[in-house]
$ cat final_10.txt   # compact mmCIF, C-alpha atoms and all ligand atoms
# COMPACT_ATOMS: atom_id res chain seq x y z
CA MET A 1 -10.43 -23.17 13.17
CA SER A 2 -6.68 -23.90 13.29
CA VAL A 3 -4.41 -21.80 11.13
CA ALA A 4 -3.54 -24.87 9.04
CA SER A 5 -7.22 -25.46 8.20
CA LEU A 6 -7.75 -21.77 7.55
CA LEU A 7 -4.82 -21.64 5.12
CA ALA A 8 -5.96 -24.81 3.36
CA ASP A 9 -9.48 -23.42 3.13
CA LEU A 10 -8.29 -20.10 1.67
CA HIS A 11 -6.16 -21.94 -0.86
CA LEU A 12 -9.11 -24.09 -1.92
CA THR A 13 -11.59 -21.21 -2.18
CA ALA A 14 -9.18 -18.88 -4.00
CA PRO A 15 -9.20 -16.78 -6.10
CA LEU A 16 -10.57 -14.39 -3.51
CA VAL A 17 -11.32 -10.70 -3.61
CA GLU A 18 -10.29 -9.38 -0.21
CA PRO A 19 -11.92 -6.13 0.92
CA SER A 20 -9.45 -3.60 2.34
CA LEU A 21 -11.47 -1.79 4.99
CA LEU A 22 -9.25 1.28 4.67
CA ALA A 23 -11.58 2.48 1.92
CA CYS A 24 -14.86 1.72 3.71
CA ASP A 25 -17.11 4.16 5.57
CA PHE A 26 -15.64 4.03 9.09
CA ALA A 27 -18.69 5.78 10.51
CA HIS A 28 -20.58 2.56 9.68
CA LEU A 29 -17.83 -0.01 10.11
CA ALA A 30 -20.00 -2.91 11.31
CA ASP A 31 -22.51 -2.30 8.50
CA GLU A 32 -19.73 -2.17 5.92
CA ILE A 33 -18.36 -5.49 7.18
CA ARG A 34 -21.84 -7.04 7.03
CA ARG A 35 -22.30 -5.75 3.48
CA ALA A 36 -18.90 -7.19 2.46
CA GLU A 37 -19.85 -10.55 4.01
CA ASP A 38 -23.23 -10.55 2.29
CA ALA A 39 -21.45 -9.74 -0.97
CA GLY A 40 -19.38 -12.92 -0.63
CA ALA A 41 -16.14 -11.75 1.00
CA LYS A 42 -14.33 -14.65 2.68
CA ILE A 43 -11.55 -12.68 4.37
CA LEU A 44 -10.92 -9.06 5.37
CA HIS A 45 -7.74 -7.03 4.93
CA LEU A 46 -6.87 -4.58 7.72
CA ASP A 47 -4.25 -1.89 7.05
CA VAL A 48 -2.38 -0.74 10.13
CA MET A 49 -0.27 2.39 9.57
CA ASP A 50 1.92 4.14 12.12
CA GLY A 51 2.76 7.54 10.59
CA HIS A 52 6.43 6.50 10.75
CA PHE A 53 7.09 3.53 8.47
CA VAL A 54 4.50 5.10 6.18
CA PRO A 55 3.48 8.78 6.27
CA ASN A 56 -0.16 7.98 6.99
CA LEU A 57 -1.98 6.89 10.15
CA SER A 58 -4.92 4.50 9.99
CA PHE A 59 -6.04 2.43 12.97
CA GLY A 60 -4.61 0.08 15.55
CA LEU A 61 -5.41 -2.53 18.17
CA PRO A 62 -8.76 -1.31 19.54
CA VAL A 63 -10.23 -1.20 16.05
CA VAL A 64 -8.94 -4.68 15.17
CA GLU A 65 -10.48 -5.95 18.44
CA ALA A 66 -13.79 -4.29 17.58
CA ILE A 67 -13.76 -5.79 14.09
CA ARG A 68 -13.02 -9.21 15.63
CA ARG A 69 -16.14 -8.88 17.77
CA THR A 70 -18.36 -8.08 14.80
CA THR A 71 -17.36 -10.80 12.30
CA GLN A 72 -16.30 -14.43 12.06
CA LEU A 73 -14.35 -13.79 8.85
CA PRO A 74 -10.60 -14.35 9.00
CA LEU A 75 -8.67 -11.11 9.56
CA ASP A 76 -5.58 -10.52 7.44
CA VAL A 77 -3.63 -7.76 9.16
CA HIS A 78 -1.13 -5.81 7.04
CA LEU A 79 1.30 -4.07 9.38
CA MET A 80 2.77 -0.94 7.83
CA ILE A 81 4.67 -0.12 10.99
CA SER A 82 8.32 0.30 11.90
CA GLU A 83 8.72 -2.32 14.62
CA PRO A 84 6.18 -5.03 13.82
CA GLY A 85 7.90 -7.44 16.22
CA ARG A 86 6.88 -5.26 19.16
CA TYR A 87 3.20 -5.50 18.28
CA ALA A 88 2.66 -8.83 16.50
CA LYS A 89 1.50 -10.69 19.63
CA ALA A 90 -0.88 -7.87 20.55
CA PHE A 91 -2.44 -8.02 17.08
CA ARG A 92 -2.72 -11.80 17.36
CA ASP A 93 -4.46 -11.38 20.73
CA ALA A 94 -6.73 -8.76 19.16
CA GLY A 95 -7.90 -11.37 16.67
CA ALA A 96 -5.55 -11.33 13.67
CA ASP A 97 -5.48 -14.66 11.80
CA LEU A 98 -2.78 -13.66 9.32
CA ILE A 99 -0.07 -11.14 10.16
CA THR A 100 2.02 -9.61 7.40
CA PHE A 101 4.92 -7.20 7.86
CA HIS A 102 7.31 -5.38 5.54
CA ILE A 103 10.80 -6.58 4.66
CA GLU A 104 11.79 -2.90 4.54
CA ALA A 105 10.96 -2.68 8.26
CA VAL A 106 12.60 -5.99 9.24
CA PRO A 107 15.55 -6.86 7.00
CA GLN A 108 16.17 -10.14 8.92
CA PRO A 109 12.60 -11.46 8.95
CA ALA A 110 13.05 -15.18 9.79
CA PRO A 111 12.70 -14.93 13.62
CA LEU A 112 9.55 -12.83 13.43
CA LEU A 113 7.96 -15.11 10.81
CA GLU A 114 8.67 -18.07 13.11
CA GLU A 115 7.29 -16.17 16.08
CA ILE A 116 4.06 -15.36 14.25
CA ARG A 117 3.61 -19.01 13.30
CA ALA A 118 4.29 -20.03 16.90
CA MET A 119 1.44 -17.70 17.96
CA GLY A 120 -0.90 -19.80 15.84
CA ALA A 121 -1.31 -17.20 13.09
CA GLY A 122 -0.36 -17.32 9.42
CA ALA A 123 2.88 -15.46 8.71
CA GLY A 124 3.25 -13.10 5.79
CA ILE A 125 5.96 -10.96 4.26
CA THR A 126 5.43 -8.03 1.94
CA LEU A 127 7.57 -5.80 -0.22
CA ASN A 128 7.12 -2.31 -1.63
CA PRO A 129 7.51 -1.62 -5.38
CA PRO A 130 11.20 -0.57 -5.22
CA THR A 131 12.26 -3.68 -3.25
CA PRO A 132 13.48 -6.64 -5.34
CA VAL A 133 12.23 -10.19 -4.81
CA SER A 134 15.80 -11.24 -3.95
CA GLU A 135 15.37 -9.47 -0.58
CA ILE A 136 12.69 -11.94 0.52
CA GLU A 137 13.87 -15.05 -1.29
CA GLU A 138 15.61 -16.61 1.69
CA CYS A 139 12.61 -16.30 4.02
CA LEU A 140 9.97 -17.62 1.61
CA PRO A 141 9.90 -21.14 3.14
CA LEU A 142 8.76 -19.53 6.42
CA CYS A 143 5.88 -17.63 4.81
CA ASP A 144 2.25 -18.71 4.59
CA LEU A 145 1.44 -15.62 2.57
CA VAL A 146 3.47 -13.34 0.33
CA LEU A 147 2.00 -9.94 -0.39
CA VAL A 148 3.20 -8.02 -3.42
CA MET A 149 2.48 -4.30 -3.25
CA GLY A 150 1.10 -2.86 -6.46
CA VAL A 151 1.58 0.63 -5.01
CA MET A 152 3.82 2.21 -2.39
CA ALA A 153 2.36 1.26 1.00
CA GLY A 154 0.62 4.05 2.86
CA PHE A 155 -2.41 5.24 0.91
CA GLY A 156 -5.39 3.80 -0.87
CA GLY A 157 -6.49 4.96 -4.30
CA GLN A 158 -3.11 4.85 -6.06
CA GLN A 159 -2.40 3.51 -9.52
CA PHE A 160 -1.13 -0.05 -9.93
CA ASP A 161 2.55 -0.41 -10.90
CA PRO A 162 2.82 -3.19 -13.56
CA MET A 163 6.28 -4.07 -12.22
CA ALA A 164 4.35 -6.02 -9.59
CA LEU A 165 3.45 -8.56 -12.30
CA ASP A 166 7.08 -9.63 -12.76
CA LYS A 167 7.40 -10.01 -9.01
CA LEU A 168 4.27 -12.15 -8.79
CA ARG A 169 5.53 -14.41 -11.59
CA ARG A 170 8.95 -14.75 -9.94
CA ILE A 171 7.54 -15.46 -6.47
CA ARG A 172 5.05 -17.97 -7.85
CA GLN A 173 8.00 -19.92 -9.24
CA LEU A 174 9.76 -19.84 -5.88
CA VAL A 175 6.99 -20.89 -3.47
CA PRO A 176 4.95 -24.08 -3.08
CA LYS A 177 1.49 -23.83 -4.60
CA GLU A 178 -0.11 -23.78 -1.12
CA THR A 179 1.56 -20.46 -0.29
CA LEU A 180 -0.98 -17.68 -0.65
CA LEU A 181 0.17 -15.05 -3.11
CA SER A 182 -1.57 -11.76 -2.58
CA VAL A 183 -1.47 -8.44 -4.39
CA ASP A 184 -2.41 -5.12 -2.80
CA GLY A 185 -2.91 -1.66 -4.26
CA GLY A 186 -4.64 -0.50 -7.43
CA ILE A 187 -6.59 -3.71 -7.97
CA ASP A 188 -9.66 -3.19 -10.16
CA TYR A 189 -11.36 -4.57 -13.27
CA ASP A 190 -8.31 -3.79 -15.43
CA THR A 191 -5.55 -5.11 -13.17
CA ILE A 192 -7.04 -8.23 -11.56
CA GLY A 193 -6.75 -10.38 -14.71
CA PRO A 194 -3.04 -9.76 -15.32
CA CYS A 195 -2.33 -10.33 -11.60
CA ALA A 196 -4.23 -13.64 -11.66
CA ALA A 197 -2.34 -14.72 -14.78
CA ALA A 198 0.91 -13.84 -12.98
CA GLY A 199 0.02 -16.22 -10.13
CA ALA A 200 -1.77 -14.13 -7.49
CA ASN A 201 -4.74 -15.78 -5.77
CA LEU A 202 -5.74 -13.13 -3.20
CA PHE A 203 -6.70 -9.69 -4.46
CA VAL A 204 -6.83 -6.90 -1.90
CA THR A 205 -9.29 -4.29 -3.09
CA GLY A 206 -10.09 -1.00 -1.37
CA THR A 207 -11.19 1.95 -3.49
CA ALA A 208 -12.54 -0.03 -6.45
CA LEU A 209 -14.79 -2.10 -4.15
CA PHE A 210 -16.01 0.48 -1.65
CA SER A 211 -16.80 3.03 -4.36
CA GLN A 212 -19.51 0.65 -5.64
CA ASP A 213 -23.13 1.07 -4.58
CA ASP A 214 -23.51 -2.69 -4.49
CA TYR A 215 -20.53 -4.84 -3.48
CA GLY A 216 -21.98 -8.22 -4.55
CA PRO A 217 -21.85 -7.82 -8.34
CA PHE A 218 -18.38 -6.27 -8.10
CA ILE A 219 -16.94 -9.16 -6.07
CA GLY A 220 -18.69 -11.64 -8.36
CA GLU A 221 -17.36 -10.08 -11.56
CA MET A 222 -13.87 -9.59 -10.18
CA THR A 223 -13.73 -13.22 -9.01
CA GLY A 224 -14.89 -14.30 -12.45
CA LEU A 225 -12.11 -12.28 -14.07
CA ALA A 226 -9.52 -13.81 -11.73
CA LYS A 227 -10.78 -17.31 -12.48
CA SER A 228 -10.72 -16.82 -16.21
CA HIS A 229 -7.15 -15.48 -16.14
CA ARG A 230 -5.67 -17.60 -13.40
CA ASP A 231 -2.37 -19.37 -13.60
CA VAL A 232 -3.24 -23.07 -13.76
CA ARG A 233 -0.25 -23.87 -11.53
CA VAL A 234 -2.02 -22.20 -8.59
CA SER A 235 -5.28 -24.13 -8.73
C1 LIG A 301 -2.14 0.62 0.79
C2 LIG A 301 -2.87 -0.48 1.50
C3 LIG A 301 -3.95 -1.11 0.70
C4 LIG A 301 -5.02 -0.19 0.24
C5 LIG A 301 -5.41 -0.65 -1.14
O1 LIG A 301 -1.05 1.00 1.55
O2 LIG A 301 -1.98 -1.51 1.87
O3 LIG A 301 -4.49 -2.27 1.32
O4 LIG A 301 -6.16 -0.15 1.05
O5 LIG A 301 -6.30 0.26 -1.59
P1 LIG A 301 -6.69 0.49 -3.12
O6 LIG A 301 -7.47 -0.70 -3.55
O7 LIG A 301 -7.49 1.73 -2.99
O8 LIG A 301 -5.42 0.68 -3.90
ZN ZN A 302 -2.84 -3.42 2.62

$ encode --input "final_10.txt" --output "C-alpha cells"
Amino acid sequence: MSVASLLADLHLTAPLVEPSLLACDFAHLADEIRRAEDAGAKILHLDVMDGHFVPNLSFGLPVVEAIRRTTQLPLDVHLMISEPGRYAKAFRDAGADLITFHIEAVPQPAPLLEEIRAMGAGAGITLNPPTPVSEIEECLPLCDLVLVMGVMAGFGGQQFDPMALDKLRRIRQLVPKETLLSVDGGIDYDTIGPCAAAGANLFVTGTALFSQDDYGPFIGEMTGLAKSHRDVRVS
C-alpha cells in the first residue's frame, strides 16, 4: 500500500487506539502483536529510545525488522533519539511506515520531514510537554502526523499532563483535517475523551492497554469513548 493510501485509510478509520508495544510482554512479542491485532488494532506504535535524547533505552532496528516480519499492520515509529536524521532511512528500510521525530532533537525539521516523505513514509513531528506549539508551527505543512506528548518522552506509565489538550486544540486549528493528530502518554479511560474532544484521532496507549487481561473490550470501549467525544471537524 502506498503511503498516501495508508494515510487516507488511517484518517477514514480513525479514531484509532494505537498499542504502544513498549508496555507489552517482550518475552512474547509476536503473541502480543497477534493479540493486539485480534483485539482490533489497526496500527502499532514503536518507541525507539537511545539513552541520550531520553534517559531510557528501549529497542532499535533489529526489533523493528522482526516486528515487520510478524505483522502486516502499519508501523508508526516514534524516534526518541538525538540524531534521527542519521537513522531515518534505516528505520524505513526496517519496515517503518510512519516516522516521527522530536523538534527538541531537530530544531530545523523541514529537510528531514521532506526526506522521510521522499523515502515513501509518512512524516511526523512531536513535541514534549514543555515545548510550545509555536516551535513546530512553520513545519506543519510538511507533516502527515503530529504527535502531542501527554508526558515527558522516555518512560511509559506516567500521568497525563492536561496542558496537552490546549496543544491539541491549537494544532487542530492549524492543520488540514487529513493530518493525523496523535496523542501519546497517559492515555486511558479518563483521558481519551478530552483528547478526542480536543481534536486527536490517534491514541497511543501502552500501560492502560497491556495491563488488561483481554485487549479486545478495552480497545472497543476506548474507541467508543473517542467516537462519542470527538471533534466533529476531524471526521
Ligand atoms: C513514552 C512513549 C509512549 C509510551 C506510552 O515516552 O512515547 O509511547 O509507551 O505509554 P503509556 O500509555 O504507558 O503512558
Ligand atoms: Zn511513543

$ closest_atom_pairs --input "final_10.txt" --of "segment 78-194 of chain A" --to "segment 19-39 of chain A" --cutoff "9 Å" --atoms "all atoms listed in the file" --output "JSON lines"
{"residue": "A:Phe155", "atom": "CA", "partner": "A:Leu22", "partner_atom": "CA", "distance": 8.8}
{"residue": "A:Gly156", "atom": "CA", "partner": "A:Ala23", "partner_atom": "CA", "distance": 6.9}
{"residue": "A:Gly157", "atom": "CA", "partner": "A:Ala23", "partner_atom": "CA", "distance": 8.4}
{"residue": "A:Asp184", "atom": "CA", "partner": "A:Ser20", "partner_atom": "CA", "distance": 8.8}

$ residues_near_ligand --input "final_10.txt" --ligand "ligand ZN 302 (chain A)" --cutoff "7 Å" --atoms "only C-alpha atoms and all ligand atoms" --output "compact mmCIF listing (two decimals) with C-alpha atoms, in the frame of the given file"
# COMPACT_ATOMS: atom_id res chain seq x y z
CA SER A 20 -9.45 -3.60 2.34
CA HIS A 45 -7.74 -7.03 4.93
CA LEU A 46 -6.87 -4.58 7.72
CA ASP A 47 -4.25 -1.89 7.05
CA HIS A 78 -1.13 -5.81 7.04
CA ASP A 184 -2.41 -5.12 -2.80
CA VAL A 204 -6.83 -6.90 -1.90

$ residues_near_ligand --input "final_10.txt" --ligand "ligand LIG 301 (chain A)" --cutoff "10 Å" --atoms "only C-alpha atoms and all ligand atoms" --output "ChimeraX atom specification"
/A:18-24,45-49,54,56,58,77-80,126,128,147-160,183-188,203-211

$ residues_around --input "final_10.txt" --residues "Arg230 of chain A" --least-positions-apart "5" --cutoff "7 Å" --atoms "only C-alpha atoms" --output "list in words"
Ala196, Ala197 and Gly199 of chain A

$ closest_residue --input "final_10.txt" --among "A:Gly193, A:Pro176, A:Gly85, A:Leu168" --to "Pro132 of chain A" --atoms "only C-alpha atoms"
A:Leu168

$ closest_residue --input "final_10.txt" --among "A:Met163, A:Met1, A:Ile192, A:Leu12" --to "Pro129 of chain A" --atoms "all atoms listed in the file"
A:Met163

$ build_atoms --input "final_10.txt" --residues "segment 85-107 of chain A" --atoms "N, CA and C atoms" --output "PDB file, keeping the file's coordinate frame"
ATOM      1  N   GLY A  85       7.625  -6.422  15.199  1.00  0.00           N
ATOM      2  CA  GLY A  85       7.900  -7.440  16.220  1.00  0.00           C
ATOM      3  C   GLY A  85       7.396  -7.030  17.595  1.00  0.00           C
ATOM      4  N   ARG A  86       7.343  -5.729  17.857  1.00  0.00           N
ATOM      5  CA  ARG A  86       6.880  -5.260  19.160  1.00  0.00           C
ATOM      6  C   ARG A  86       5.377  -5.438  19.330  1.00  0.00           C
ATOM      7  N   TYR A  87       4.665  -5.523  18.214  1.00  0.00           N
ATOM      8  CA  TYR A  87       3.200  -5.500  18.280  1.00  0.00           C
ATOM      9  C   TYR A  87       2.515  -6.762  17.756  1.00  0.00           C
ATOM     10  N   ALA A  88       3.292  -7.672  17.160  1.00  0.00           N
ATOM     11  CA  ALA A  88       2.660  -8.830  16.500  1.00  0.00           C
ATOM     12  C   ALA A  88       1.774  -9.620  17.460  1.00  0.00           C
ATOM     13  N   LYS A  89       2.274  -9.893  18.667  1.00  0.00           N
ATOM     14  CA  LYS A  89       1.500 -10.690  19.630  1.00  0.00           C
ATOM     15  C   LYS A  89       0.210  -9.955  20.014  1.00  0.00           C
ATOM     16  N   ALA A  90       0.311  -8.651  20.190  1.00  0.00           N
ATOM     17  CA  ALA A  90      -0.880  -7.870  20.550  1.00  0.00           C
ATOM     18  C   ALA A  90      -1.924  -7.934  19.430  1.00  0.00           C
ATOM     19  N   PHE A  91      -1.464  -7.910  18.183  1.00  0.00           N
ATOM     20  CA  PHE A  91      -2.440  -8.020  17.080  1.00  0.00           C
ATOM     21  C   PHE A  91      -3.012  -9.437  17.018  1.00  0.00           C
ATOM     22  N   ARG A  92      -2.190 -10.424  17.300  1.00  0.00           N
ATOM     23  CA  ARG A  92      -2.720 -11.800  17.360  1.00  0.00           C
ATOM     24  C   ARG A  92      -3.796 -11.890  18.456  1.00  0.00           C
ATOM     25  N   ASP A  93      -3.489 -11.340  19.631  1.00  0.00           N
ATOM     26  CA  ASP A  93      -4.460 -11.380  20.730  1.00  0.00           C
ATOM     27  C   ASP A  93      -5.723 -10.586  20.393  1.00  0.00           C
ATOM     28  N   ALA A  94      -5.567  -9.570  19.556  1.00  0.00           N
ATOM     29  CA  ALA A  94      -6.730  -8.760  19.160  1.00  0.00           C
ATOM     30  C   ALA A  94      -7.593  -9.481  18.132  1.00  0.00           C
ATOM     31  N   GLY A  95      -7.069 -10.584  17.578  1.00  0.00           N
ATOM     32  CA  GLY A  95      -7.900 -11.370  16.670  1.00  0.00           C
ATOM     33  C   GLY A  95      -7.366 -11.558  15.269  1.00  0.00           C
ATOM     34  N   ALA A  96      -6.127 -11.145  15.010  1.00  0.00           N
ATOM     35  CA  ALA A  96      -5.550 -11.330  13.670  1.00  0.00           C
ATOM     36  C   ALA A  96      -5.338 -12.822  13.391  1.00  0.00           C
ATOM     37  N   ASP A  97      -5.726 -13.274  12.215  1.00  0.00           N
ATOM     38  CA  ASP A  97      -5.480 -14.660  11.800  1.00  0.00           C
ATOM     39  C   ASP A  97      -4.228 -14.760  10.950  1.00  0.00           C
ATOM     40  N   LEU A  98      -3.998 -13.740  10.134  1.00  0.00           N
ATOM     41  CA  LEU A  98      -2.780 -13.660   9.320  1.00  0.00           C
ATOM     42  C   LEU A  98      -2.116 -12.338   9.663  1.00  0.00           C
ATOM     43  N   ILE A  99      -0.802 -12.376   9.829  1.00  0.00           N
ATOM     44  CA  ILE A  99      -0.070 -11.140  10.160  1.00  0.00           C
ATOM     45  C   ILE A  99       1.066 -10.990   9.153  1.00  0.00           C
ATOM     46  N   THR A 100       1.028  -9.867   8.445  1.00  0.00           N
ATOM     47  CA  THR A 100       2.020  -9.610   7.400  1.00  0.00           C
ATOM     48  C   THR A 100       2.789  -8.338   7.746  1.00  0.00           C
ATOM     49  N   PHE A 101       4.114  -8.393   7.596  1.00  0.00           N
ATOM     50  CA  PHE A 101       4.920  -7.200   7.860  1.00  0.00           C
ATOM     51  C   PHE A 101       5.866  -6.960   6.681  1.00  0.00           C
ATOM     52  N   HIS A 102       6.476  -5.783   6.670  1.00  0.00           N
ATOM     53  CA  HIS A 102       7.310  -5.380   5.540  1.00  0.00           C
ATOM     54  C   HIS A 102       8.780  -5.760   5.731  1.00  0.00           C
ATOM     55  N   ILE A 103       9.373  -6.283   4.660  1.00  0.00           N
ATOM     56  CA  ILE A 103      10.800  -6.580   4.660  1.00  0.00           C
ATOM     57  C   ILE A 103      11.620  -5.295   4.852  1.00  0.00           C
ATOM     58  N   GLU A 104      11.063  -4.166   4.398  1.00  0.00           N
ATOM     59  CA  GLU A 104      11.790  -2.900   4.540  1.00  0.00           C
ATOM     60  C   GLU A 104      11.868  -2.476   6.013  1.00  0.00           C
ATOM     61  N   ALA A 105      10.950  -3.011   6.829  1.00  0.00           N
ATOM     62  CA  ALA A 105      10.960  -2.680   8.260  1.00  0.00           C
ATOM     63  C   ALA A 105      11.794  -3.678   9.057  1.00  0.00           C
ATOM     64  N   VAL A 106      11.896  -4.914   8.523  1.00  0.00           N
ATOM     65  CA  VAL A 106      12.600  -5.990   9.240  1.00  0.00           C
ATOM     66  C   VAL A 106      13.478  -6.736   8.240  1.00  0.00           C
ATOM     67  N   PRO A 107      14.705  -6.244   8.029  1.00  0.00           N
ATOM     68  CA  PRO A 107      15.550  -6.860   7.000  1.00  0.00           C
ATOM     69  C   PRO A 107      15.919  -8.322   7.287  1.00  0.00           C
TER      70      PRO A 107
END
